[in-house]
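This is input_22.pdb. It holds PDB, C-alpha atoms.
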```pdb
ATOM      1  CA  MET A  17      74.708 -54.692 115.081  1.00  0.00           C
ATOM      2  CA  THR A  18      76.038 -52.870 118.141  1.00  0.00           C
ATOM      3  CA  LYS A  19      75.964 -49.085 117.882  1.00  0.00           C
ATOM      4  CA  PHE A  20      78.458 -47.055 119.901  1.00  0.00           C
ATOM      5  CA  TYR A  21      77.766 -43.396 120.629  1.00  0.00           C
ATOM      6  CA  TRP A  22      81.050 -41.997 121.963  1.00  0.00           C
ATOM      7  CA  ILE A  23      80.580 -38.647 123.692  1.00  0.00           C
ATOM      8  CA  ARG A  24      83.367 -36.447 124.966  1.00  0.00           C
ATOM      9  CA  HIS A  25      82.642 -35.096 128.442  1.00  0.00           C
ATOM     10  CA  GLY A  26      81.750 -31.460 129.114  1.00  0.00           C
ATOM     11  CA  PRO A  27      84.574 -28.903 129.104  1.00  0.00           C
ATOM     12  CA  THR A  28      86.935 -28.447 132.042  1.00  0.00           C
ATOM     13  CA  HIS A  29      88.390 -25.161 130.718  1.00  0.00           C
ATOM     14  CA  ALA A  30      91.845 -26.362 131.804  1.00  0.00           C
ATOM     15  CA  LYS A  31      94.751 -25.098 129.702  1.00  0.00           C
ATOM     16  CA  ALA A  32      96.890 -28.062 130.632  1.00  0.00           C
ATOM     17  CA  ALA A  33      97.495 -31.741 130.045  1.00  0.00           C
ATOM     18  CA  VAL A  34      94.548 -33.332 131.832  1.00  0.00           C
ATOM     19  CA  GLY A  35      94.649 -37.100 131.984  1.00  0.00           C
ATOM     20  CA  TRP A  36      93.864 -38.830 135.260  1.00  0.00           C
ATOM     21  CA  LEU A  37      93.603 -35.513 137.110  1.00  0.00           C
ATOM     22  CA  ASP A  38      89.995 -35.539 138.314  1.00  0.00           C
ATOM     23  CA  LEU A  39      88.674 -32.133 137.254  1.00  0.00           C
ATOM     24  CA  PRO A  40      84.913 -31.428 137.089  1.00  0.00           C
ATOM     25  CA  ALA A  41      83.142 -30.607 133.832  1.00  0.00           C
ATOM     26  CA  ASP A  42      81.255 -27.420 133.161  1.00  0.00           C
ATOM     27  CA  LEU A  43      77.734 -28.712 132.515  1.00  0.00           C
ATOM     28  CA  SER A  44      76.039 -25.324 132.343  1.00  0.00           C
ATOM     29  CA  ASP A  45      75.162 -25.749 128.635  1.00  0.00           C
ATOM     30  CA  THR A  46      71.822 -27.363 129.425  1.00  0.00           C
ATOM     31  CA  ALA A  47      70.524 -26.802 125.883  1.00  0.00           C
ATOM     32  CA  THR A  48      73.263 -29.005 124.393  1.00  0.00           C
ATOM     33  CA  LEU A  49      72.812 -31.618 127.110  1.00  0.00           C
ATOM     34  CA  SER A  50      69.068 -31.683 126.372  1.00  0.00           C
ATOM     35  CA  ARG A  51      69.705 -32.058 122.624  1.00  0.00           C
ATOM     36  CA  LEU A  52      72.110 -34.929 123.340  1.00  0.00           C
ATOM     37  CA  ASP A  53      69.499 -36.645 125.502  1.00  0.00           C
ATOM     38  CA  ASP A  54      66.937 -36.260 122.690  1.00  0.00           C
ATOM     39  CA  TYR A  55      69.399 -37.474 120.026  1.00  0.00           C
ATOM     40  CA  LEU A  56      70.473 -40.679 121.761  1.00  0.00           C
ATOM     41  CA  PRO A  57      68.393 -43.876 121.526  1.00  0.00           C
ATOM     42  CA  ASP A  58      65.980 -44.246 124.442  1.00  0.00           C
ATOM     43  CA  ASP A  59      66.903 -47.900 124.972  1.00  0.00           C
ATOM     44  CA  ALA A  60      70.688 -47.384 124.941  1.00  0.00           C
ATOM     45  CA  LEU A  61      72.951 -48.445 127.758  1.00  0.00           C
ATOM     46  CA  VAL A  62      75.036 -45.608 129.246  1.00  0.00           C
ATOM     47  CA  VAL A  63      78.553 -46.055 130.625  1.00  0.00           C
ATOM     48  CA  SER A  64      81.387 -43.669 131.413  1.00  0.00           C
ATOM     49  CA  SER A  65      84.888 -43.277 132.673  1.00  0.00           C
ATOM     50  CA  ASP A  66      85.083 -43.054 136.455  1.00  0.00           C
ATOM     51  CA  LEU A  67      86.605 -39.553 136.294  1.00  0.00           C
ATOM     52  CA  VAL A  68      84.063 -36.991 137.462  1.00  0.00           C
ATOM     53  CA  ARG A  69      84.079 -34.929 134.253  1.00  0.00           C
ATOM     54  CA  ALA A  70      82.867 -37.994 132.338  1.00  0.00           C
ATOM     55  CA  SER A  71      80.632 -39.574 134.976  1.00  0.00           C
ATOM     56  CA  ALA A  72      78.791 -36.299 135.680  1.00  0.00           C
ATOM     57  CA  THR A  73      78.283 -35.739 131.943  1.00  0.00           C
ATOM     58  CA  ALA A  74      76.897 -39.274 131.597  1.00  0.00           C
ATOM     59  CA  ASP A  75      74.548 -38.681 134.518  1.00  0.00           C
ATOM     60  CA  ALA A  76      73.355 -35.435 132.896  1.00  0.00           C
ATOM     61  CA  ILE A  77      72.360 -37.153 129.634  1.00  0.00           C
ATOM     62  CA  ALA A  78      71.347 -40.597 130.884  1.00  0.00           C
ATOM     63  CA  GLY A  79      67.679 -39.767 131.308  1.00  0.00           C
ATOM     64  CA  SER A  80      65.737 -43.003 131.828  1.00  0.00           C
ATOM     65  CA  ARG A  81      68.376 -45.122 130.065  1.00  0.00           C
ATOM     66  CA  ASN A  82      70.071 -48.002 131.861  1.00  0.00           C
ATOM     67  CA  ARG A  83      73.126 -46.397 133.533  1.00  0.00           C
ATOM     68  CA  LEU A  84      75.979 -48.869 134.007  1.00  0.00           C
ATOM     69  CA  ALA A  85      78.727 -48.547 136.620  1.00  0.00           C
ATOM     70  CA  HIS A  86      81.658 -46.256 135.853  1.00  0.00           C
ATOM     71  CA  ARG A  87      84.691 -47.980 134.325  1.00  0.00           C
ATOM     72  CA  GLN A  88      88.237 -47.018 135.288  1.00  0.00           C
ATOM     73  CA  ALA A  89      89.550 -48.538 132.043  1.00  0.00           C
ATOM     74  CA  LEU A  90      87.760 -45.752 130.114  1.00  0.00           C
ATOM     75  CA  ARG A  91      89.935 -43.047 131.688  1.00  0.00           C
ATOM     76  CA  GLU A  92      91.875 -40.589 129.570  1.00  0.00           C
ATOM     77  CA  MET A  93      95.512 -41.283 128.792  1.00  0.00           C
ATOM     78  CA  ASN A  94      97.677 -41.239 131.901  1.00  0.00           C
ATOM     79  CA  TYR A  95      99.983 -38.235 131.438  1.00  0.00           C
ATOM     80  CA  GLY A  96     102.060 -39.218 134.471  1.00  0.00           C
ATOM     81  CA  ASP A  97     104.291 -36.374 135.659  1.00  0.00           C
ATOM     82  CA  TRP A  98     102.777 -34.041 133.034  1.00  0.00           C
ATOM     83  CA  ASP A  99      99.225 -34.351 134.371  1.00  0.00           C
ATOM     84  CA  GLY A 100      97.881 -30.907 135.232  1.00  0.00           C
ATOM     85  CA  LEU A 101     100.866 -29.020 133.804  1.00  0.00           C
ATOM     86  CA  PRO A 102     100.388 -26.324 131.160  1.00  0.00           C
ATOM     87  CA  PHE A 103     101.567 -27.554 127.748  1.00  0.00           C
ATOM     88  CA  LYS A 104     104.169 -24.764 127.543  1.00  0.00           C
ATOM     89  CA  ASP A 105     105.729 -25.971 130.816  1.00  0.00           C
ATOM     90  CA  VAL A 106     105.873 -29.544 129.515  1.00  0.00           C
ATOM     91  CA  ALA A 107     107.564 -28.275 126.342  1.00  0.00           C
ATOM     92  CA  LYS A 108     110.143 -26.412 128.460  1.00  0.00           C
ATOM     93  CA  THR A 109     110.958 -29.237 130.860  1.00  0.00           C
ATOM     94  CA  HIS A 110     110.870 -32.085 128.309  1.00  0.00           C
ATOM     95  CA  PRO A 111     111.294 -30.464 124.859  1.00  0.00           C
ATOM     96  CA  ASP A 112     112.435 -33.530 122.905  1.00  0.00           C
ATOM     97  CA  LEU A 113     110.215 -36.015 124.715  1.00  0.00           C
ATOM     98  CA  SER A 114     107.084 -33.880 124.458  1.00  0.00           C
ATOM     99  CA  ARG A 115     107.703 -33.199 120.766  1.00  0.00           C
ATOM    100  CA  ALA A 116     108.139 -36.923 120.077  1.00  0.00           C
ATOM    101  CA  PHE A 117     105.074 -37.767 122.191  1.00  0.00           C
ATOM    102  CA  TRP A 118     102.787 -35.559 120.058  1.00  0.00           C
ATOM    103  CA  GLU A 119     104.480 -35.858 116.669  1.00  0.00           C
ATOM    104  CA  GLU A 120     105.320 -39.570 116.731  1.00  0.00           C
ATOM    105  CA  PRO A 121     102.629 -41.212 118.865  1.00  0.00           C
ATOM    106  CA  GLY A 122     103.362 -44.838 119.604  1.00  0.00           C
ATOM    107  CA  ASP A 123     105.613 -46.111 122.356  1.00  0.00           C
ATOM    108  CA  VAL A 124     106.762 -42.686 123.607  1.00  0.00           C
ATOM    109  CA  ALA A 125     105.355 -41.979 127.086  1.00  0.00           C
ATOM    110  CA  PRO A 126     105.510 -39.093 129.560  1.00  0.00           C
ATOM    111  CA  PRO A 127     107.579 -39.799 132.688  1.00  0.00           C
ATOM    112  CA  ASN A 128     105.537 -42.235 134.836  1.00  0.00           C
ATOM    113  CA  GLY A 129     102.754 -42.091 132.241  1.00  0.00           C
ATOM    114  CA  GLU A 130     101.205 -44.053 129.412  1.00  0.00           C
ATOM    115  CA  SER A 131     102.149 -44.251 125.745  1.00  0.00           C
ATOM    116  CA  TRP A 132      99.646 -43.977 122.907  1.00  0.00           C
ATOM    117  CA  ASN A 133     100.129 -47.702 122.198  1.00  0.00           C
ATOM    118  CA  GLY A 134      99.485 -48.455 125.866  1.00  0.00           C
ATOM    119  CA  LEU A 135      96.260 -46.443 125.731  1.00  0.00           C
ATOM    120  CA  HIS A 136      95.277 -48.232 122.515  1.00  0.00           C
ATOM    121  CA  ARG A 137      95.738 -51.664 124.133  1.00  0.00           C
ATOM    122  CA  ARG A 138      93.716 -50.616 127.197  1.00  0.00           C
ATOM    123  CA  ILE A 139      90.843 -49.117 125.193  1.00  0.00           C
ATOM    124  CA  SER A 140      90.772 -51.927 122.600  1.00  0.00           C
ATOM    125  CA  SER A 141      90.337 -54.422 125.439  1.00  0.00           C
ATOM    126  CA  GLU A 142      87.560 -52.290 126.915  1.00  0.00           C
ATOM    127  CA  ILE A 143      85.844 -51.991 123.513  1.00  0.00           C
ATOM    128  CA  ALA A 144      85.830 -55.799 123.234  1.00  0.00           C
ATOM    129  CA  GLU A 145      84.189 -56.086 126.660  1.00  0.00           C
ATOM    130  CA  LEU A 146      81.606 -53.389 125.901  1.00  0.00           C
ATOM    131  CA  THR A 147      80.823 -54.961 122.516  1.00  0.00           C
ATOM    132  CA  ASN A 148      80.012 -58.249 124.266  1.00  0.00           C
ATOM    133  CA  LEU A 149      78.080 -56.495 127.014  1.00  0.00           C
ATOM    134  CA  ALA A 150      75.920 -54.494 124.587  1.00  0.00           C
ATOM    135  CA  ALA A 151      75.726 -57.028 121.735  1.00  0.00           C
ATOM    136  CA  GLY A 152      72.944 -56.057 119.333  1.00  0.00           C
ATOM    137  CA  ARG A 153      72.101 -52.875 121.247  1.00  0.00           C
ATOM    138  CA  SER A 154      73.113 -49.239 121.389  1.00  0.00           C
ATOM    139  CA  ILE A 155      75.598 -48.054 123.989  1.00  0.00           C
ATOM    140  CA  VAL A 156      76.510 -44.495 124.926  1.00  0.00           C
ATOM    141  CA  VAL A 157      80.089 -44.195 126.161  1.00  0.00           C
ATOM    142  CA  VAL A 158      81.028 -40.896 127.804  1.00  0.00           C
ATOM    143  CA  ALA A 159      84.789 -40.632 127.789  1.00  0.00           C
ATOM    144  CA  HIS A 160      87.742 -38.478 126.832  1.00  0.00           C
ATOM    145  CA  PHE A 161      89.566 -37.030 123.816  1.00  0.00           C
ATOM    146  CA  GLY A 162      92.298 -39.696 123.647  1.00  0.00           C
ATOM    147  CA  VAL A 163      89.883 -42.531 124.359  1.00  0.00           C
ATOM    148  CA  ILE A 164      87.590 -41.505 121.488  1.00  0.00           C
ATOM    149  CA  LEU A 165      90.537 -41.090 119.114  1.00  0.00           C
ATOM    150  CA  THR A 166      91.626 -44.592 120.114  1.00  0.00           C
ATOM    151  CA  ALA A 167      88.125 -45.940 119.385  1.00  0.00           C
ATOM    152  CA  ILE A 168      88.322 -44.403 115.902  1.00  0.00           C
ATOM    153  CA  GLN A 169      91.808 -45.845 115.421  1.00  0.00           C
ATOM    154  CA  HIS A 170      90.561 -49.272 116.544  1.00  0.00           C
ATOM    155  CA  ALA A 171      87.521 -49.238 114.240  1.00  0.00           C
ATOM    156  CA  ALA A 172      89.224 -47.793 111.161  1.00  0.00           C
ATOM    157  CA  LYS A 173      92.516 -49.657 111.675  1.00  0.00           C
ATOM    158  CA  LEU A 174      94.491 -46.414 111.535  1.00  0.00           C
ATOM    159  CA  ALA A 175      98.064 -45.665 112.467  1.00  0.00           C
ATOM    160  CA  PRO A 176      98.345 -43.607 115.671  1.00  0.00           C
ATOM    161  CA  LYS A 177      99.391 -40.445 113.837  1.00  0.00           C
ATOM    162  CA  SER A 178      96.371 -40.708 111.518  1.00  0.00           C
ATOM    163  CA  ALA A 179      94.041 -40.947 114.512  1.00  0.00           C
ATOM    164  CA  PHE A 180      95.469 -37.664 115.821  1.00  0.00           C
ATOM    165  CA  ALA A 181      94.120 -35.871 112.719  1.00  0.00           C
ATOM    166  CA  PHE A 182      90.553 -35.968 114.074  1.00  0.00           C
ATOM    167  CA  LYS A 183      89.043 -33.187 116.144  1.00  0.00           C
ATOM    168  CA  ILE A 184      86.889 -34.272 119.090  1.00  0.00           C
ATOM    169  CA  ASP A 185      85.052 -31.388 120.751  1.00  0.00           C
ATOM    170  CA  ASN A 186      83.463 -31.464 124.172  1.00  0.00           C
ATOM    171  CA  LEU A 187      79.884 -32.806 124.059  1.00  0.00           C
ATOM    172  CA  SER A 188      80.309 -34.043 120.481  1.00  0.00           C
ATOM    173  CA  VAL A 189      79.136 -37.477 119.321  1.00  0.00           C
ATOM    174  CA  THR A 190      81.231 -40.010 117.412  1.00  0.00           C
ATOM    175  CA  GLU A 191      79.185 -42.939 116.082  1.00  0.00           C
ATOM    176  CA  ILE A 192      80.793 -46.313 115.401  1.00  0.00           C
ATOM    177  CA  ASP A 193      79.019 -49.593 114.577  1.00  0.00           C
ATOM    178  CA  HIS A 194      80.186 -53.131 115.203  1.00  0.00           C
ATOM    179  CA  ILE A 195      78.863 -55.546 112.571  1.00  0.00           C
ATOM    180  CA  PRO A 196      78.931 -59.056 114.062  1.00  0.00           C
ATOM    181  CA  SER A 197      78.345 -60.981 110.825  1.00  0.00           C
ATOM    182  CA  SER A 198      81.689 -59.792 109.444  1.00  0.00           C
ATOM    183  CA  GLN A 199      83.326 -58.910 112.779  1.00  0.00           C
ATOM    184  CA  SER A 200      84.002 -55.494 111.279  1.00  0.00           C
ATOM    185  CA  TRP A 201      83.577 -51.867 112.272  1.00  0.00           C
ATOM    186  CA  ARG A 202      82.093 -48.845 110.538  1.00  0.00           C
ATOM    187  CA  VAL A 203      82.789 -45.237 111.532  1.00  0.00           C
ATOM    188  CA  ASN A 204      79.625 -43.266 110.749  1.00  0.00           C
ATOM    189  CA  ARG A 205      80.184 -39.833 112.277  1.00  0.00           C
ATOM    190  CA  VAL A 206      83.065 -38.114 114.015  1.00  0.00           C
ATOM    191  CA  ASN A 207      82.758 -35.000 116.179  1.00  0.00           C
ATOM    192  CA  HIS A 208      79.051 -34.548 115.383  1.00  0.00           C
ATOM    193  CA  HIS A 209      77.302 -31.659 117.135  1.00  0.00           C
ATOM    194  CA  VAL A 210      73.615 -32.053 117.887  1.00  0.00           C
TER     195      VAL A 210
END
```
For the structure just supplied, provide its representation as structure tokens.
Amino acid sequence: MTKFYWIRHGPTHAKAAVGWLDLPADLSDTATLSRLDDYLPDDALVVSSDLVRASATADAIAGSRNRLAHRQALREMNYGDWDGLPFKDVAKTHPDLSRAFWEEPGDVAPPNGESWNGLHRRISSEIAELTNLAAGRSIVVVAHFGVILTAIQHAAKLAPKSAFAFKIDNLSVTEIDHIPSSQSWRVNRVNHHV
């Protein structure tokens, strides 16, 4: 069995759509970071998105674990022209599109950005690669809100809108197992706080 520990990066405190915008994480909550380090398997591999909020979080909890190179494919959804804009501004400039994007996730995309289905294809491909890379081991993946929702959607075979029902807090753990004998997935915990 391959055990995935999906961790959302530390908070950015941004009140905006933050996708590929490379904002740093606030990693001042050293008590939570220490509890995460203690909670995670000592022999796990650690990988992260290449965005600094995820890579710095991964570095903070890696400890003596084998730290793999950052992976661009683990980035948050690409919000295109909306990246960095406050949500209220997006709602003003693109009222119908932004409503459809959040209420009917699928093929709707921000201008010059990525749709939910596009994100799902990208992350599903990355999950397949990481499953092969970490076969029979534990792997800690430090990533983003949309990426973790996509991992849940992938494992539980959910519709996009159903995946949006989950809450994923900063520095929370979502545990998902890959069972090779049946080529199936099991979601064990979502948004777990240690």
- Which residue out of A:Val34, A:Leu56, A:Leu61, A:Val106 has the minimum interatomic distance to Leu149 in chain A when all atoms listed in the file are used?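 Checking each of A:Val34, A:Leu56, A:Leu61, A:Val106 against Leu149 in chain A, counting all atoms listed in the file, the winner is A:Leu61.
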- Taking only C-alpha atoms into account, which of A:Arg87, A:Lys31, A:Lys177, A:His208 comes nearest Val157 in chain A?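 Distance minimum relative to Val157 in chain A lands on A:Arg87.
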Could you give me, as CSV, every range 176-205 of chain A residue with an atom at most 9 Å from range 44-55 of chain A, plus its closest atom pair and distance in Å to one decimal, counting all atoms listed in the file, rows ordered by chain then number?
```
residue,atom,partner,partner_atom,distance
A:Leu187,CA,A:Thr48,CA,7.6
A:Ser188,CA,A:Leu52,CA,8.7
A:Val189,CA,A:Leu52,CA,8.5
```
- Message: Quick check on the file I pasted: which residues fall under the PyMOL selection byres ((chain A and resi 114-119) around 12)? Write them as a ChimeraX atom specification.
- Response: /A:33,95,97-98,103-113,120-127,129-133,162,176-181
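Distance check against Ala171 in chain A using only C-alpha atoms: of A:Asn94, A:Asn207, A:Asn128, A:Gln199, the minimum falls on A:Gln199.
Take CA of Ala60 in chain A and CA of Ile139 in chain A: the distance between them is 20.2 Å.
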- For His170 in chain A, list every protein, DNA or RNA residue within 9 Å, evaluated using only C-alpha atoms, and leave out those in the same chain fewer than 4 positions away; present the list as a VMD selection string. chain A and resid 136 139 to 140 143 165 to 166 174 201
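Minimum distance to Ala159 in chain A across A:Ile195, A:Leu43, A:Val68, A:Val203 (counting all atoms listed in the file) occurs at A:Val68.
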- Message: Since I can't run it myself right now, could you work out what the PyMOL selection byres ((chain A and resi 70) around 8) selects here and report it as an NGL selection string?
- Response: :A and (24-26 or 41 or 64-69 or 71-74 or 158-160)
- d(CA of Arg137 in chain A, CA of His194 in chain A) in Å: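 Atom-to-atom, CA of Arg137 in chain A and CA of His194 in chain A are spaced 18.0 Å apart.
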- Item | Interatomic distance (Å, one decimal) between CA of Met17 in chain A and CA of Ile155 in chain A |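 A separation of 11.1 Å between them.
Restricting the calculation to only C-alpha atoms, the smallest distance between Leu146 in chain A and any of A:Gly134, A:Leu37, A:Ala167, A:Ala175 is found for A:Ala167.
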- Message: Report as a list in words all protein, DNA and RNA residues lying within 10 Å of Thr147 in chain A, evaluated on only C-alpha atoms, omitting residues in the same chain fewer than 4 positions from it.
- Response: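 My list of contacting residues is Met17, Thr18, Lys19, Phe20, Ser141, Glu142, Ile143, Ala151, Gly152, Arg153, Ser154, Ile155, Asp193, His194 and Pro196 of chain A.
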- Query: Quick one: of A:Gln169, A:Ala30, A:Pro40, A:His86, who's nearest to Gly100 in chain A, counting only C-alpha atoms?
  - Reply: A:Ala30
Exercise on range 170-186 of chain A, axis-aligned box with 8 Å per side, report centre and edge lengths in Å to one decimal, as lines of an AutoDock Vina configuration file:
```
center_x = 91.4
center_y = -40.5
center_z = 117.7
size_x = 31.9
size_y = 34.3
size_z = 29.0
```
- Message: Give me the residues near Thr190 in chain A as a PyMOL selection string, where near means some atom within 7 Å (using only C-alpha atoms) and where sequence neighbours in that chain fewer than 4 positions away do not count.
- Response: chain A and resi 21-23+205-208
